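Working notes for the structure below.
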Amino acid sequence: MKRTQTIENFLFLYCWSCGIFLITVVACLIGFLLYKSMPNIGLKLIFGDVHWYKALIGKQIVFDGIWPAMVGTFFLIILSTVISIPLGISAGIYLSEYCPANLKAMFSFFIDLLAGIPSIVMGLFGFSLVLLIHKFITPAANTCLIVSALSLAFLVLPYLIKTTQIALSSIPKESQLIGPSLGFSKLDDLWHIRLPQSTKNILSGIILSIGRCAEDTAVIMLTGVVAIGGISDSIFSKYEALPFYIFYIAAEYTSAEELARGYGASLILLTITGTLFFVSYMIRKRLEKRW
Amino acid sequence: MKDKILERCLYLAGLFAVSLSVLILFFLIYFSLPLFQPAILKNILSFEWQPLYGKFGILPMALTSIILAVLAVTIALPIGLGISCLLSSLANKGIAKIGDILIRFMTSIPTVIYGFVSIFVLIPFIRDISGKGSGFCLLSAIFVLSILILPTMVLLISDSFKSVPKSYIESSKALGFTPIQELIYIIIPYSKFGIINAVILGFGRAIGDTMIALMIAGNAAQVPYSFFDSVRTLTAQIALVLASDTESLTFKSIFASGLILFIFMLLASLSSYFIIHKKRLNQ
Amino acid sequence: MVDTKFQSDWKIHIENLCVRFGSKEVIKNTSASFSQNKINSIIGPSGSGKTTLLRAINRLNDIEENCYTSGKLFIKLEDKWHNILSNYSSPVYLRRKIGMVFQHPNPLPTTIKRNITLALKIITGLSRSEREERLINSLQQVHLWDEVKDRLKKPALILSGGQQQRLCLARTLALEPEIILLDEPTSSLDFKASKRIEQLLLELKQKYTLIVVSHSLRQTRRISDKVYVLSNGKIAQELSSIQIHDDQMFYKVAEDFF
């Protein structure tokens, strides 16, 4: 009896120390980052020696600031979101509403498989698409912004599909019957009654996948990101991005100044993903409050 | 009618999403095809990677990937279990809620930032205690990777704790079990399939990670004999080799690496499926 | 050919209806006829299949996976008999002619006005003024108009349970159905609200044919013109108005089946 009591006490302490350990690790991570990057936050970090207004309107190119990387990440997010949202939500609707029951399990498996594909393999896929186009269509084909955006869209696709499926099925059962009982066609029921009720859930999923697009490095490494390339002038050109910039600095920094920029870029990237996470969380919370 | 066209579009989107993974597999196979000749195959599936001497063995990288993933999960599992227990029963409601938000926040931290900070915090530490090497080694990568996959595993385990039927919880409370006893004798045994699933998916995530391996593990293409050896994973291999000309065998070998990774993922997904199936049968 | 065997006061005629979900048979080869402009009540012990039978009429069971319905189900709509289980019959159009009210009031999470006008807008091709007319008309029929006419733009969820249920009823009436199916419409309402609904049903039967699944034997006695006792998936007994009000008969039925 005493022995089991001791074991149980030990386990209790163990669980708490795991929790404390984790909090310590996260605090150290963020604390260290803040400590190293705060002194450098400012317009110089972003725009280098160029005046911010001139950089914004594109009159002068920024060479020693992270502005091009921020712009690149921004365009990347927009492009990949524009591609993945309609595709993901449509596929999610198909799989939860129109898919015949016997195929559902198999299709589900393939979506889970897609979700498990490592990001580098997805990047490899994007790269091989370019190879194929290069071989069979035009030798001018090369890795670029649009290829990265497509590969990122494929990367977050399974997540959007799952989010849509869950959002549609978490409408209360009786609300799901209103449309059909009134004589709405399936499409009308979805568009006018059920999708509007799932909007908040789907939106929070979309925001999380935007975060995923912002932070991914492996995919973009293989599909067109460069360390120094300025702001791309078309979707068919190379571009810079924040996560790759951070990686590049970590691997190849040659001066304290460059390292400082790396820290600054890290903080900005963390702020972006953190804000997106926070917004997504708030949306879901407000949803619960309303009902 | 307009409705029919819209429904056709939905169908096409669904079909595309489902066939995408098959398409990716097909591409990997297509581009690795030139490698499937006995002589070349023997070269690729060997333990020596020295492209300048015509040796393209990717097995050291495959071995490293497996070892790294297994060890990272081995560390992450007990800690993950501890935290899940904490969040589900042992801590009071307020702390549990904060903990839940914190864990979810951790999943949104970019991998590259884990790597970046670790380079300046963990690596010097490892360098000092090992006395040799640069600190960029297997051990460092295991540590960082286990922290990376920890939140995912905690969320999965917590979910399976929550899915224990209410009747079991009620009877254990009625019997007067303490929270710890409830966890040890009821919740964890009942969730064992969920925990196994978390392990499988954690393994899949660990083996598929590129940035930690690339930034922390050292990238020497050798079989690891010590924790302080510099090593390279399959994922890092793909990232590093890409910058070569497209006709060389060096280049073609990355598709073989990709294919092996895909097969690992496929096995992990299938195992996960079987475990979930078993879980449902048990209930 | 089909019309001759139906009596003139019938509205719905069921022959050898079987409904099963997967391998579980819920409605087992049952037959019945429901009369026009009457309140037809279906009662039975829990699990006997009352909701399934009700939903068979507007084919709402089809929504469930693995649901198989066989047998014959004829409904007289627009003075013509239709076999609604045939492959040519569209459930969507059927449900526009048959209104349904559920056990728990389920207004849409939008304004009171939009609860009614949304369906009007999507399903009917009526002009704006015609829709307004139907809105007022349907709300008046359920005696809700005076209570809500000043707050049509307010969310429907501010209404009480009884008012919400009447709103759901108005929602179906706006589409001008011929039959209304009600699944335990007052089981989640308080005594006063229940009474109001019962009163309403007695008024509505003049214009519509009502099929009510009831949880309360007393309520059934109060409002029904005909009672169908469902037991173990089959209609075991039919009681006429006279028989319902005969105390001895009714208590015998209660004992036999419940």
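Residue names in the structure tokens use chain letters A, B, ... in the order shown, residue numbers from 1 in each chain, and ligand numbers from 1 in the order shown.
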> Using only C-alpha atoms, which residues sit within 8 Å of Gly116 of chain A once same-chain residues fewer than 3 positions away are excluded, as a list of chain:residue names?
Replying inline: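 Listing them by chain and then by number gives A:Asp112, A:Leu113, B:Gly204, B:Arg205, B:Met265, B:Ser269.
Using only C-alpha atoms, the contacts of Val101 of chain C at a cut-off of 7 Å, with sequence neighbours closer than 6 positions omitted, comprise Cys168, Leu169, Leu181, Leu182, Asp183 and Pro185 of chain C.
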Could you save the residues just selected, with C-alpha atoms, as a PDB file, in the first residue's frame?
```pdb
ATOM      1  CA  CYS C 168     -40.909  26.991 -37.573  1.00  0.00           C
ATOM      2  CA  LEU C 169     -44.493  26.148 -38.385  1.00  0.00           C
ATOM      3  CA  LEU C 181     -45.853  16.465 -40.569  1.00  0.00           C
ATOM      4  CA  LEU C 182     -45.258  17.196 -36.898  1.00  0.00           C
ATOM      5  CA  ASP C 183     -42.827  15.134 -34.824  1.00  0.00           C
ATOM      6  CA  PRO C 185     -44.141  19.289 -31.684  1.00  0.00           C
TER       7      PRO C 185
END
```
>> as JSON, numbers by chain, please: the residues near segment 212-221 of chain C (cut-off 7 Å, only C-alpha atoms, same-chain neighbours under 5 positions excluded).
In response: {"C": [40, 41, 42, 43, 50, 181, 182, 183, 184, 187, 244, 245]}
Chain A residues within 8 Å of chain B, counting only C-alpha atoms: which ones, as a PDB file with C-alpha atoms, in the first residue's frame?
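File produced: out_36.pdb:
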```pdb
ATOM      1  CA  GLU A   8       1.754   7.542  -7.386  1.00  0.00           C
ATOM      2  CA  LEU A  11       4.281  10.036 -11.015  1.00  0.00           C
ATOM      3  CA  PHE A  12       2.397  13.109  -9.911  1.00  0.00           C
ATOM      4  CA  TYR A  14       6.888  13.612 -12.814  1.00  0.00           C
ATOM      5  CA  CYS A  15       3.907  14.930 -14.750  1.00  0.00           C
ATOM      6  CA  TRP A  16       4.265  18.347 -13.228  1.00  0.00           C
ATOM      7  CA  CYS A  18       7.208  17.592 -17.630  1.00  0.00           C
ATOM      8  CA  GLY A  19       4.904  20.561 -17.760  1.00  0.00           C
ATOM      9  CA  VAL A  26       9.354  27.674 -24.689  1.00  0.00           C
ATOM     10  CA  LEU A  29      13.258  30.020 -26.824  1.00  0.00           C
ATOM     11  CA  PHE A  32      16.351  34.374 -26.058  1.00  0.00           C
ATOM     12  CA  LEU A  33      14.908  35.467 -29.363  1.00  0.00           C
ATOM     13  CA  LEU A  87      -9.809  23.665 -54.225  1.00  0.00           C
ATOM     14  CA  GLY A  88      -9.745  22.601 -50.585  1.00  0.00           C
ATOM     15  CA  SER A  90     -14.768  22.192 -52.843  1.00  0.00           C
ATOM     16  CA  ALA A  91     -13.003  18.897 -52.265  1.00  0.00           C
ATOM     17  CA  GLY A  92     -14.053  18.968 -48.609  1.00  0.00           C
ATOM     18  CA  ILE A  93     -17.680  19.531 -49.605  1.00  0.00           C
ATOM     19  CA  TYR A  94     -17.530  16.748 -52.157  1.00  0.00           C
ATOM     20  CA  LEU A  95     -16.028  14.283 -49.690  1.00  0.00           C
ATOM     21  CA  TYR A  98     -21.513  13.745 -52.298  1.00  0.00           C
ATOM     22  CA  PHE A 107     -10.747   8.531 -50.185  1.00  0.00           C
ATOM     23  CA  PHE A 109      -7.078   7.368 -46.514  1.00  0.00           C
ATOM     24  CA  PHE A 110      -5.665   9.095 -49.574  1.00  0.00           C
ATOM     25  CA  ILE A 111      -6.244  12.499 -48.043  1.00  0.00           C
ATOM     26  CA  ASP A 112      -4.493  11.378 -44.844  1.00  0.00           C
ATOM     27  CA  LEU A 113      -1.657  10.085 -46.983  1.00  0.00           C
ATOM     28  CA  LEU A 114      -1.398  13.474 -48.641  1.00  0.00           C
ATOM     29  CA  GLY A 116       1.592  12.934 -44.167  1.00  0.00           C
ATOM     30  CA  ILE A 117       3.806  13.674 -47.165  1.00  0.00           C
ATOM     31  CA  PRO A 118       6.966  15.409 -45.917  1.00  0.00           C
ATOM     32  CA  SER A 119       7.273  18.975 -47.084  1.00  0.00           C
ATOM     33  CA  ILE A 120      10.559  18.280 -48.834  1.00  0.00           C
ATOM     34  CA  VAL A 121       8.898  15.580 -50.905  1.00  0.00           C
ATOM     35  CA  MET A 122       6.176  18.061 -51.832  1.00  0.00           C
ATOM     36  CA  LEU A 124      10.487  17.691 -54.886  1.00  0.00           C
ATOM     37  CA  PHE A 125       7.141  17.142 -56.584  1.00  0.00           C
ATOM     38  CA  SER A 128       9.718  17.606 -60.896  1.00  0.00           C
ATOM     39  CA  LEU A 157      -4.795  21.113 -49.127  1.00  0.00           C
ATOM     40  CA  PRO A 158      -5.474  18.082 -46.904  1.00  0.00           C
ATOM     41  CA  LEU A 187     -26.563  22.718 -53.338  1.00  0.00           C
ATOM     42  CA  GLY A 211       0.481  30.384 -41.127  1.00  0.00           C
ATOM     43  CA  ARG A 212       1.728  27.119 -42.534  1.00  0.00           C
ATOM     44  CA  GLU A 215       6.639  29.353 -42.222  1.00  0.00           C
ATOM     45  CA  ASP A 216       7.454  26.506 -44.568  1.00  0.00           C
ATOM     46  CA  THR A 217      11.024  26.380 -45.744  1.00  0.00           C
ATOM     47  CA  ALA A 218      11.581  22.976 -47.304  1.00  0.00           C
ATOM     48  CA  MET A 221      13.853  25.743 -51.073  1.00  0.00           C
ATOM     49  CA  LEU A 222      13.248  23.382 -53.925  1.00  0.00           C
ATOM     50  CA  PRO A 243      11.972  31.501 -43.510  1.00  0.00           C
ATOM     51  CA  ILE A 246      16.581  32.971 -41.658  1.00  0.00           C
ATOM     52  CA  PHE A 247      17.967  29.615 -42.716  1.00  0.00           C
ATOM     53  CA  ALA A 250      22.091  30.757 -39.903  1.00  0.00           C
ATOM     54  CA  ALA A 251      24.175  28.843 -42.396  1.00  0.00           C
ATOM     55  CA  SER A 266      13.061  35.439 -36.825  1.00  0.00           C
ATOM     56  CA  LEU A 269       8.271  35.648 -38.685  1.00  0.00           C
ATOM     57  CA  LEU A 270       7.331  34.454 -35.214  1.00  0.00           C
ATOM     58  CA  THR A 273       2.650  33.149 -37.263  1.00  0.00           C
ATOM     59  CA  GLY A 274       1.808  33.986 -33.658  1.00  0.00           C
ATOM     60  CA  PHE A 277      -2.600  31.664 -34.528  1.00  0.00           C
TER      61      PHE A 277
END
```
>> Using only C-alpha atoms and a cut-off of 7 Å, which residues of chain C sit close to chain A? Please list them as a PyMOL selection string.
In response: chain C and resi 60+92-93+95-96+99-100+106+123+172
Write to file, as a PDB file, in the first residue's frame, the residues of the selection just made, with C-alpha atoms.
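File written: out21.pdb
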```
ATOM      1  CA  LEU C  60     -36.400  12.549 -45.225  1.00  0.00           C
ATOM      2  CA  VAL C  92     -36.865  17.818 -53.337  1.00  0.00           C
ATOM      3  CA  TYR C  93     -40.132  18.790 -55.010  1.00  0.00           C
ATOM      4  CA  ARG C  95     -40.750  18.216 -49.630  1.00  0.00           C
ATOM      5  CA  ARG C  96     -41.929  21.574 -50.900  1.00  0.00           C
ATOM      6  CA  GLY C  99     -44.059  20.755 -44.408  1.00  0.00           C
ATOM      7  CA  MET C 100     -42.272  19.367 -41.376  1.00  0.00           C
ATOM      8  CA  ASN C 106     -34.890  24.798 -34.917  1.00  0.00           C
ATOM      9  CA  ILE C 123     -37.666  27.858 -53.692  1.00  0.00           C
ATOM     10  CA  THR C 172     -43.378  25.671 -43.662  1.00  0.00           C
TER      11      THR C 172
END
```
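Within 7 Å of Tyr239 of chain A, once only C-alpha atoms are used and residues closer than 2 positions along the same chain are dropped, the contacting residues are Gly72, Leu145, Gly224, Val225, Val226, Gly229, Gly230, Ile231, Ser232, Ser237 and Ala241 of chain A.
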Written selection (N, CA and C atoms) as a PDB file, in the first residue's frame:
```
ATOM      1  N   GLY A  72       8.177  38.929 -50.454  1.00  0.00           N
ATOM      2  CA  GLY A  72       8.097  37.615 -51.071  1.00  0.00           C
ATOM      3  C   GLY A  72       7.164  36.691 -50.313  1.00  0.00           C
ATOM      4  N   LEU A 145       7.985  31.684 -58.354  1.00  0.00           N
ATOM      5  CA  LEU A 145       6.973  31.991 -57.343  1.00  0.00           C
ATOM      6  C   LEU A 145       5.721  31.134 -57.505  1.00  0.00           C
ATOM      7  N   GLY A 224      12.172  27.541 -55.908  1.00  0.00           N
ATOM      8  CA  GLY A 224      12.409  28.862 -56.478  1.00  0.00           C
ATOM      9  C   GLY A 224      12.811  29.975 -55.537  1.00  0.00           C
ATOM     10  N   VAL A 225      12.927  29.699 -54.249  1.00  0.00           N
ATOM     11  CA  VAL A 225      13.322  30.809 -53.379  1.00  0.00           C
ATOM     12  C   VAL A 225      14.830  31.027 -53.491  1.00  0.00           C
ATOM     13  N   VAL A 226      15.254  32.261 -53.375  1.00  0.00           N
ATOM     14  CA  VAL A 226      16.686  32.561 -53.433  1.00  0.00           C
ATOM     15  C   VAL A 226      17.039  33.438 -52.246  1.00  0.00           C
ATOM     16  N   GLY A 229      17.549  38.240 -54.093  1.00  0.00           N
ATOM     17  CA  GLY A 229      16.943  38.349 -55.419  1.00  0.00           C
ATOM     18  C   GLY A 229      16.044  39.541 -55.555  1.00  0.00           C
ATOM     19  N   GLY A 230      15.945  40.314 -54.496  1.00  0.00           N
ATOM     20  CA  GLY A 230      15.086  41.487 -54.577  1.00  0.00           C
ATOM     21  C   GLY A 230      13.626  41.088 -54.642  1.00  0.00           C
ATOM     22  N   ILE A 231      12.804  42.052 -55.006  1.00  0.00           N
ATOM     23  CA  ILE A 231      11.382  41.790 -55.112  1.00  0.00           C
ATOM     24  C   ILE A 231      11.086  41.297 -56.510  1.00  0.00           C
ATOM     25  N   SER A 232      10.400  40.165 -56.577  1.00  0.00           N
ATOM     26  CA  SER A 232      10.143  39.578 -57.894  1.00  0.00           C
ATOM     27  C   SER A 232       9.176  40.448 -58.671  1.00  0.00           C
ATOM     28  N   SER A 237       9.151  34.511 -61.652  1.00  0.00           N
ATOM     29  CA  SER A 237      10.548  34.796 -61.341  1.00  0.00           C
ATOM     30  C   SER A 237      10.886  34.314 -59.939  1.00  0.00           C
ATOM     31  N   ALA A 241      12.145  34.936 -49.383  1.00  0.00           N
ATOM     32  CA  ALA A 241      11.118  34.677 -48.386  1.00  0.00           C
ATOM     33  C   ALA A 241      11.758  34.647 -47.009  1.00  0.00           C
TER      34      ALA A 241
END
```
